[in-house]
>>> print(open('entry.cif').read())   # mmCIF, C-alpha atoms
data_target
#
loop_
_atom_site.group_PDB
_atom_site.id
_atom_site.type_symbol
_atom_site.label_atom_id
_atom_site.label_comp_id
_atom_site.auth_asym_id
_atom_site.auth_seq_id
_atom_site.Cartn_x
_atom_site.Cartn_y
_atom_site.Cartn_z
ATOM 1 C CA MET E 262 66.515 69.500 124.071
ATOM 2 C CA ASP E 263 63.827 70.952 121.841
ATOM 3 C CA PRO E 264 60.703 68.921 121.028
ATOM 4 C CA ILE E 265 60.987 66.823 117.874
ATOM 5 C CA SER E 266 58.178 66.678 115.322
ATOM 6 C CA VAL E 267 57.992 62.933 114.671
ATOM 7 C CA THR E 268 55.331 63.340 111.973
ATOM 8 C CA ALA E 269 57.277 65.895 109.935
ATOM 9 C CA ASP E 270 57.730 63.490 107.006
ATOM 10 C CA ALA E 271 54.126 62.265 106.886
ATOM 11 C CA GLU E 272 52.530 61.833 103.465
ATOM 12 C CA GLU E 273 48.998 61.577 104.876
ATOM 13 C CA PHE E 274 46.978 64.189 106.721
ATOM 14 C CA THR E 275 48.064 64.237 110.349
ATOM 15 C CA CYS E 276 48.549 66.521 113.276
ATOM 16 C CA ASN E 277 51.989 67.489 114.487
ATOM 17 C CA ALA E 278 53.087 64.948 117.091
ATOM 18 C CA TYR E 279 55.909 66.149 119.338
ATOM 19 C CA LEU E 280 58.429 63.920 121.080
ATOM 20 C CA VAL E 281 59.767 65.756 124.121
ATOM 21 C CA PRO E 282 62.905 64.070 125.488
ATOM 22 C CA GLY E 283 64.127 64.723 129.004
ATOM 23 C CA GLU E 284 63.431 63.603 132.537
ATOM 24 C CA VAL E 285 59.995 62.325 131.517
ATOM 25 C CA PRO E 286 60.101 61.408 127.801
ATOM 26 C CA THR E 287 56.691 62.423 126.511
ATOM 27 C CA LEU E 288 54.758 62.300 123.262
ATOM 28 C CA VAL E 289 52.314 65.179 122.785
ATOM 29 C CA ASP E 290 49.616 63.769 120.486
ATOM 30 C CA VAL E 291 50.251 60.821 118.196
ATOM 31 C CA GLY E 292 49.081 61.623 114.687
ATOM 32 C CA THR E 293 48.148 59.286 111.858
ATOM 33 C CA MET E 294 51.525 58.562 110.259
ATOM 34 C CA PRO E 295 52.212 54.819 109.939
ATOM 35 C CA GLY E 296 55.603 53.977 111.443
ATOM 36 C CA VAL E 297 55.644 56.904 113.854
ATOM 37 C CA GLU E 298 56.835 54.502 116.548
ATOM 38 C CA ASP E 299 59.972 53.803 114.498
ATOM 39 C CA VAL E 300 60.725 57.515 114.238
ATOM 40 C CA ILE E 301 60.324 57.843 118.010
ATOM 41 C CA ALA E 302 62.711 54.911 118.533
ATOM 42 C CA GLU E 303 65.390 56.720 116.533
ATOM 43 C CA HIS E 304 65.561 59.319 119.314
ATOM 44 C CA VAL E 305 64.664 57.585 122.590
ATOM 45 C CA GLU E 306 64.533 54.049 123.931
ATOM 46 C CA THR E 307 61.157 54.564 125.547
ATOM 47 C CA ILE E 308 58.492 57.142 126.282
ATOM 48 C CA ASP E 309 56.870 57.382 129.703
ATOM 49 C CA ARG E 310 53.634 59.026 128.680
ATOM 50 C CA VAL E 311 51.422 60.176 125.857
ATOM 51 C CA VAL E 312 49.496 63.383 126.530
ATOM 52 C CA LEU E 313 46.598 64.284 124.256
ATOM 53 C CA THR E 314 45.431 67.785 123.454
ATOM 54 C CA HIS E 315 42.187 66.209 122.195
ATOM 55 C CA GLN E 316 40.948 63.037 120.568
ATOM 56 C CA HIS E 317 40.121 64.009 116.985
ATOM 57 C CA ALA E 318 41.143 61.233 114.616
ATOM 58 C CA ASP E 319 44.186 63.063 113.223
ATOM 59 C CA HIS E 320 45.619 63.287 116.745
ATOM 60 C CA VAL E 321 45.133 59.676 117.887
ATOM 61 C CA GLY E 322 45.252 57.535 114.727
ATOM 62 C CA GLU E 323 48.459 55.648 115.590
ATOM 63 C CA LEU E 324 47.843 55.425 119.333
ATOM 64 C CA GLU E 325 47.682 51.621 119.427
ATOM 65 C CA ALA E 326 50.973 51.313 117.538
ATOM 66 C CA VAL E 327 52.653 53.587 120.088
ATOM 67 C CA PHE E 328 51.148 51.564 122.939
ATOM 68 C CA ASP E 329 52.410 48.323 121.422
ATOM 69 C CA ALA E 330 55.924 49.708 120.998
ATOM 70 C CA PHE E 331 56.407 51.588 124.281
ATOM 71 C CA ASP E 332 53.538 50.833 126.701
ATOM 72 C CA PRO E 333 53.324 54.443 127.944
ATOM 73 C CA GLU E 334 50.762 55.901 130.313
ATOM 74 C CA LEU E 335 47.968 57.828 128.598
ATOM 75 C CA TYR E 336 46.976 61.274 129.866
ATOM 76 C CA ALA E 337 43.752 62.705 128.437
ATOM 77 C CA TYR E 338 40.916 65.024 129.390
ATOM 78 C CA GLY E 339 38.168 63.033 127.694
ATOM 79 C CA ASP E 340 37.256 59.418 128.356
ATOM 80 C CA HIS E 341 39.362 56.802 126.598
ATOM 81 C CA PRO E 342 39.537 53.036 127.311
ATOM 82 C CA ARG E 343 43.322 53.229 127.638
ATOM 83 C CA ARG E 344 43.448 56.382 129.752
ATOM 84 C CA ASP E 345 45.593 56.096 132.888
ATOM 85 C CA VAL E 346 45.416 59.686 134.125
ATOM 86 C CA GLU E 347 42.525 62.130 133.709
ATOM 87 C CA LEU E 348 43.679 65.654 132.923
ATOM 88 C CA THR E 349 41.846 68.463 134.702
ATOM 89 C CA ASP E 350 41.947 72.215 134.265
ATOM 90 C CA GLY E 351 44.641 73.753 136.463
ATOM 91 C CA SER E 352 46.513 70.534 137.174
ATOM 92 C CA THR E 353 50.207 70.237 136.331
ATOM 93 C CA ILE E 354 52.149 67.548 134.507
ATOM 94 C CA ARG E 355 55.776 67.165 133.509
ATOM 95 C CA ILE E 356 56.481 67.094 129.789
ATOM 96 C CA GLY E 357 60.128 66.270 129.212
ATOM 97 C CA ASP E 358 62.002 68.520 131.650
ATOM 98 C CA GLU E 359 59.284 71.171 131.953
ATOM 99 C CA ARG E 360 56.357 71.342 134.319
ATOM 100 C CA CYS E 361 53.243 72.432 132.435
ATOM 101 C CA GLU E 362 49.822 73.603 133.529
ATOM 102 C CA VAL E 363 46.798 71.968 131.932
ATOM 103 C CA VAL E 364 44.416 74.603 130.545
ATOM 104 C CA TYR E 365 40.999 73.416 129.411
ATOM 105 C CA THR E 366 40.435 75.067 126.016
ATOM 106 C CA PRO E 367 37.247 73.744 124.344
ATOM 107 C CA GLY E 368 35.607 75.101 121.223
ATOM 108 C CA HIS E 369 37.415 73.218 118.491
ATOM 109 C CA ALA E 370 36.804 70.033 120.491
ATOM 110 C CA ALA E 371 34.861 69.476 123.711
ATOM 111 C CA ASP E 372 37.815 67.660 125.301
ATOM 112 C CA HIS E 373 40.541 70.074 124.171
ATOM 113 C CA VAL E 374 43.340 71.069 126.531
ATOM 114 C CA SER E 375 46.547 73.051 126.081
ATOM 115 C CA PHE E 376 49.787 72.643 128.033
ATOM 116 C CA VAL E 377 51.469 75.806 129.298
ATOM 117 C CA GLY E 378 55.034 75.760 130.626
ATOM 118 C CA GLU E 379 57.423 78.534 131.508
ATOM 119 C CA GLY E 380 59.012 78.408 128.065
ATOM 120 C CA ARG E 381 56.680 76.441 125.807
ATOM 121 C CA LEU E 382 53.032 76.313 124.846
ATOM 122 C CA TYR E 383 51.603 73.102 123.375
ATOM 123 C CA SER E 384 48.416 74.544 121.910
ATOM 124 C CA GLY E 385 46.894 71.670 119.953
ATOM 125 C CA ASP E 386 44.321 73.099 117.538
ATOM 126 C CA VAL E 387 42.923 75.945 119.637
ATOM 127 C CA VAL E 388 45.560 78.319 118.241
ATOM 128 C CA VAL E 389 48.151 77.762 115.519
ATOM 129 C CA TYR E 390 50.720 80.013 113.882
ATOM 130 C CA ASN E 391 49.768 79.361 110.243
ATOM 131 C CA ASP E 392 47.302 76.981 108.649
ATOM 132 C CA GLY E 393 46.368 78.143 105.158
ATOM 133 C CA ALA E 394 43.544 80.324 106.471
ATOM 134 C CA PHE E 395 45.586 82.908 108.360
ATOM 135 C CA GLU E 396 49.265 83.637 108.859
ATOM 136 C CA ASN E 397 50.902 84.829 112.095
ATOM 137 C CA GLY E 398 48.074 83.672 114.341
ATOM 138 C CA SER E 399 45.101 81.480 113.499
ATOM 139 C CA PHE E 400 42.492 79.497 115.428
ATOM 140 C CA GLY E 401 40.927 76.059 115.231
ATOM 141 C CA ARG E 402 37.917 75.555 113.002
ATOM 142 C CA THR E 403 34.515 75.710 114.679
ATOM 143 C CA ASP E 404 32.110 74.997 111.803
ATOM 144 C CA MET E 405 31.597 71.273 112.360
ATOM 145 C CA ALA E 406 29.257 69.366 114.665
ATOM 146 C CA GLY E 407 30.135 69.695 118.344
ATOM 147 C CA GLN E 408 32.269 72.798 117.814
ATOM 148 C CA SER E 409 31.633 76.320 119.082
ATOM 149 C CA ARG E 410 33.210 79.650 118.101
ATOM 150 C CA GLU E 411 31.978 81.214 121.359
ATOM 151 C CA ARG E 412 33.672 78.545 123.480
ATOM 152 C CA LEU E 413 36.858 78.819 121.436
ATOM 153 C CA ILE E 414 36.965 82.582 121.980
ATOM 154 C CA ALA E 415 36.556 82.077 125.720
ATOM 155 C CA SER E 416 39.326 79.483 125.602
ATOM 156 C CA LEU E 417 41.720 81.857 123.872
ATOM 157 C CA GLU E 418 40.928 84.507 126.481
ATOM 158 C CA LYS E 419 41.639 81.997 129.258
ATOM 159 C CA LEU E 420 44.845 80.900 127.578
ATOM 160 C CA LEU E 421 46.102 84.483 127.464
ATOM 161 C CA ASP E 422 45.258 84.895 131.149
ATOM 162 C CA ARG E 423 47.301 81.812 132.026
ATOM 163 C CA LEU E 424 50.206 82.339 129.614
ATOM 164 C CA PRO E 425 53.451 83.516 131.251
ATOM 165 C CA GLU E 426 55.432 86.269 129.557
ATOM 166 C CA THR E 427 58.375 83.840 129.532
ATOM 167 C CA VAL E 428 56.761 81.511 126.970
ATOM 168 C CA SER E 429 58.864 81.868 123.835
ATOM 169 C CA ALA E 430 57.802 78.922 121.656
ATOM 170 C CA MET E 431 54.430 77.601 120.513
ATOM 171 C CA TYR E 432 54.053 73.992 119.365
ATOM 172 C CA ALA E 433 50.701 73.764 117.608
ATOM 173 C CA GLY E 434 48.784 70.799 116.250
ATOM 174 C CA HIS E 435 49.134 72.025 112.661
ATOM 175 C CA GLY E 436 51.369 74.389 110.750
ATOM 176 C CA ASP E 437 54.787 75.597 111.825
ATOM 177 C CA VAL E 438 56.329 75.849 115.257
ATOM 178 C CA TYR E 439 56.593 79.508 116.259
ATOM 179 C CA ARG E 440 59.609 80.785 118.177
ATOM 180 C CA SER E 441 59.587 84.429 119.220
ATOM 181 C CA ALA E 442 63.363 84.612 118.807
ATOM 182 C CA ALA E 443 62.896 84.008 115.079
ATOM 183 C CA GLY E 444 59.918 86.304 114.540
ATOM 184 C CA GLU E 445 58.684 89.796 115.227
ATOM 185 C CA ASP E 446 55.982 88.815 117.722
ATOM 186 C CA THR E 447 55.899 87.281 121.173
ATOM 187 C CA VAL E 448 53.856 84.113 121.579
ATOM 188 C CA ARG E 449 51.306 86.184 123.501
ATOM 189 C CA GLU E 450 50.956 88.502 120.509
ATOM 190 C CA VAL E 451 50.372 85.551 118.177
ATOM 191 C CA VAL E 452 47.630 84.207 120.462
ATOM 192 C CA ALA E 453 46.097 87.677 120.810
ATOM 193 C CA ARG E 454 45.991 88.048 117.014
ATOM 194 C CA ALA E 455 44.230 84.696 116.700
ATOM 195 C CA LEU E 456 41.722 85.818 119.330
ATOM 196 C CA GLU E 457 41.061 89.076 117.459
ATOM 197 C CA ARG E 458 40.409 87.170 114.248
ATOM 198 C CA ALA E 459 38.120 84.667 115.979
ATOM 199 C CA ARG E 460 36.091 87.490 117.522
ATOM 200 C CA ARG E 461 35.254 88.918 114.083
ATOM 201 C CA GLY E 462 32.810 86.065 113.579
ATOM 202 C CA GLU E 463 33.783 85.552 109.955
ATOM 203 C CA PRO E 464 33.997 81.994 108.562
ATOM 204 C CA LYS E 465 37.511 80.638 108.789
ATOM 205 C CA TYR E 466 37.169 78.850 105.463
ATOM 206 C CA PRO E 467 34.705 80.853 103.299
ATOM 207 C CA GLU E 468 33.002 78.805 100.606
#
>>> encode(input="entry.cif", output="structure tokens")
Amino acid sequence: MDPISVTADAEEFTCNAYLVPGEVPTLVDVGTMPGVEDVIAEHVETIDRVVLTHQHADHVGELEAVFDAFDPELYAYGDHPRRDVELTDGSTIRIGDERCEVVYTPGHAADHVSFVGEGRLYSGDVVVYNDGAFENGSFGRTDMAGQSRERLIASLEKLLDRLPETVSAMYAGHGDVYRSAAGEDTVREVVARALERARRGEPKYPE
């Protein structure tokens, strides 16, 4: 079963939070939408784990509500008082029915990781398909404190090195899901385009 965007109807600014049913029901990021736990409960009775791409506020805002409703384990790269499992670069975790590799991808956030399976990429904010700045391949902003364009570029290069040709869908933290079957590009080509744009050094959001 495909991942379900449980924040699709949010009226406030939030990330995309993805419920991934299957052998290990998993929530990838949480978002800031009040009542997200009720949306999750419409699809599954419980979730086993929450995995975080990073801990920016728009990705973790409703974390306590999800804990109260489902008591899942928390997987995160960065420190968190509720963390059960520390994610490390190169480790593997099961998300739904798919085993994914953890790829450390800082730049947008110091604790950012992406999850790479055989068929899906959960890219958080390091690379997105469309976001109002660029279409068909964009990258996370790097103009705020603690962010680094150079580290983000290196992360995109690493992600391409670790991305199997079989990956056909990208679930990003913002914007639309990209499926290669519905577009002209492979997921690798979308990531490569984002990398090319990031390398130009131009501001993502010019004043």
>>> closest_residue(input="entry.cif", among="E:Ala302, E:Val285, E:Val389, E:Cys276", to="Asp319 of chain E", atoms="all atoms listed in the file")
E:Cys276
>>> resolve_selection(input="entry.cif", expression="the PyMOL selection byres ((chain E and resi 452) around 8)", output="list in words")
Val388, Gly398, Ser399, Leu417, Leu421, Val448, Arg449, Glu450, Val451, Ala453, Arg454, Ala455 and Leu456 of chain E
>>> write_last_selection(input="entry.cif", atoms="C-alpha atoms", output="tab-separated table (two decimals), keeping the file's coordinate frame")
chain	number	residue	atom	x	y	z
E	388	VAL	CA	45.56	78.32	118.24
E	398	GLY	CA	48.07	83.67	114.34
E	399	SER	CA	45.10	81.48	113.50
E	417	LEU	CA	41.72	81.86	123.87
E	421	LEU	CA	46.10	84.48	127.46
E	448	VAL	CA	53.86	84.11	121.58
E	449	ARG	CA	51.31	86.18	123.50
E	450	GLU	CA	50.96	88.50	120.51
E	451	VAL	CA	50.37	85.55	118.18
E	453	ALA	CA	46.10	87.68	120.81
E	454	ARG	CA	45.99	88.05	117.01
E	455	ALA	CA	44.23	84.70	116.70
E	456	LEU	CA	41.72	85.82	119.33
>>> resolve_selection(input="entry.cif", expression="the PyMOL selection byres ((chain E and resi 296) around 12)", output="PyMOL selection string")
chain E and resi 267-268+270-272+291-295+297-303+322-327+329-330
>>> atom_distance(input="entry.cif", atom1="atom CA of Gly380 of chain E", atom2="atom CA of Asp263 of chain E")
10.8 Å
>>> closest_residue(input="entry.cif", among="E:Arg310, E:His315, E:Arg410, E:Lys419", to="Ala370 of chain E", atoms="only C-alpha atoms")
E:His315
>>> closest_residue(input="entry.cif", among="E:Ala459, E:Ala318, E:Glu362, E:Ala443", to="Thr275 of chain E", atoms="all atoms listed in the file")
E:Ala318
>>> atom_distance(input="entry.cif", atom1="atom CA of Ile308 of chain E", atom2="atom CA of Ala442 of chain E")
28.9 Å
>>> atom_distance(input="entry.cif", atom1="atom CA of Met262 of chain E", atom2="atom CA of Pro282 of chain E")
6.7 Å
>>> residues_around(input="entry.cif", residues="Gln408 of chain E", least_positions_apart="5", cutoff="6 Å", atoms="only C-alpha atoms", output="PyMOL selection string")
chain E and resi 368-370+403
>>> write_last_selection(input="entry.cif", atoms="C-alpha atoms", output="mmCIF file, in the frame of the given file")
data_model
loop_
_atom_site.group_PDB
_atom_site.id
_atom_site.type_symbol
_atom_site.label_atom_id
_atom_site.label_comp_id
_atom_site.auth_asym_id
_atom_site.auth_seq_id
_atom_site.Cartn_x
_atom_site.Cartn_y
_atom_site.Cartn_z
ATOM 1 C CA GLY E 368 35.607 75.101 121.223
ATOM 2 C CA HIS E 369 37.415 73.218 118.491
ATOM 3 C CA ALA E 370 36.804 70.033 120.491
ATOM 4 C CA THR E 403 34.515 75.710 114.679
#
>>> residues_around(input="entry.cif", residues="Leu382 of chain E", least_positions_apart="5", cutoff="12 Å", atoms="only C-alpha atoms", output="mmCIF file with C-alpha atoms, in the coordinates of the input")
data_model
loop_
_atom_site.group_PDB
_atom_site.id
_atom_site.type_symbol
_atom_site.label_atom_id
_atom_site.label_comp_id
_atom_site.auth_asym_id
_atom_site.auth_seq_id
_atom_site.Cartn_x
_atom_site.Cartn_y
_atom_site.Cartn_z
ATOM 1 C CA PRO E 264 60.703 68.921 121.028
ATOM 2 C CA TYR E 279 55.909 66.149 119.338
ATOM 3 C CA VAL E 289 52.314 65.179 122.785
ATOM 4 C CA THR E 314 45.431 67.785 123.454
ATOM 5 C CA ILE E 356 56.481 67.094 129.789
ATOM 6 C CA GLU E 359 59.284 71.171 131.953
ATOM 7 C CA ARG E 360 56.357 71.342 134.319
ATOM 8 C CA CYS E 361 53.243 72.432 132.435
ATOM 9 C CA GLU E 362 49.822 73.603 133.529
ATOM 10 C CA VAL E 363 46.798 71.968 131.932
ATOM 11 C CA VAL E 364 44.416 74.603 130.545
ATOM 12 C CA VAL E 374 43.340 71.069 126.531
ATOM 13 C CA SER E 375 46.547 73.051 126.081
ATOM 14 C CA PHE E 376 49.787 72.643 128.033
ATOM 15 C CA VAL E 377 51.469 75.806 129.298
ATOM 16 C CA VAL E 387 42.923 75.945 119.637
ATOM 17 C CA VAL E 388 45.560 78.319 118.241
ATOM 18 C CA VAL E 389 48.151 77.762 115.519
ATOM 19 C CA TYR E 390 50.720 80.013 113.882
ATOM 20 C CA LEU E 420 44.845 80.900 127.578
ATOM 21 C CA LEU E 421 46.102 84.483 127.464
ATOM 22 C CA ARG E 423 47.301 81.812 132.026
ATOM 23 C CA LEU E 424 50.206 82.339 129.614
ATOM 24 C CA PRO E 425 53.451 83.516 131.251
ATOM 25 C CA GLU E 426 55.432 86.269 129.557
ATOM 26 C CA THR E 427 58.375 83.840 129.532
ATOM 27 C CA VAL E 428 56.761 81.511 126.970
ATOM 28 C CA SER E 429 58.864 81.868 123.835
ATOM 29 C CA ALA E 430 57.802 78.922 121.656
ATOM 30 C CA MET E 431 54.430 77.601 120.513
ATOM 31 C CA TYR E 432 54.053 73.992 119.365
ATOM 32 C CA ALA E 433 50.701 73.764 117.608
ATOM 33 C CA GLY E 434 48.784 70.799 116.250
ATOM 34 C CA VAL E 438 56.329 75.849 115.257
ATOM 35 C CA TYR E 439 56.593 79.508 116.259
ATOM 36 C CA ARG E 440 59.609 80.785 118.177
ATOM 37 C CA SER E 441 59.587 84.429 119.220
ATOM 38 C CA THR E 447 55.899 87.281 121.173
ATOM 39 C CA VAL E 448 53.856 84.113 121.579
ATOM 40 C CA ARG E 449 51.306 86.184 123.501
ATOM 41 C CA VAL E 451 50.372 85.551 118.177
ATOM 42 C CA VAL E 452 47.630 84.207 120.462
#
>>> resolve_selection(input="entry.cif", expression="the PyMOL selection byres ((chain E and resi 462) around 12)", output="ChimeraX atom specification")
/E:400,402-404,409-411,413-414,455-461,463-467
>>> closest_residue(input="entry.cif", among="E:His304, E:Arg343, E:His320, E:Arg381", to="Asp358 of chain E", atoms="all atoms listed in the file")
E:Arg381
>>> closest_residue(input="entry.cif", among="E:Thr307, E:Gln316, E:Thr287, E:Asn397", to="Gly444 of chain E", atoms="only C-alpha atoms")
E:Asn397
>>> closest_residue(input="entry.cif", among="E:Val305, E:Ala269, E:Leu335, E:Val312", to="Tyr383 of chain E", atoms="all atoms listed in the file")
E:Val312
>>> residues_near_point(input="entry.cif", point="(50.3, 53.0, 132.7)", cutoff="10 Å", atoms="all atoms listed in the file", output="PyMOL selection string")
chain E and resi 309-311+328+332-336+343-346
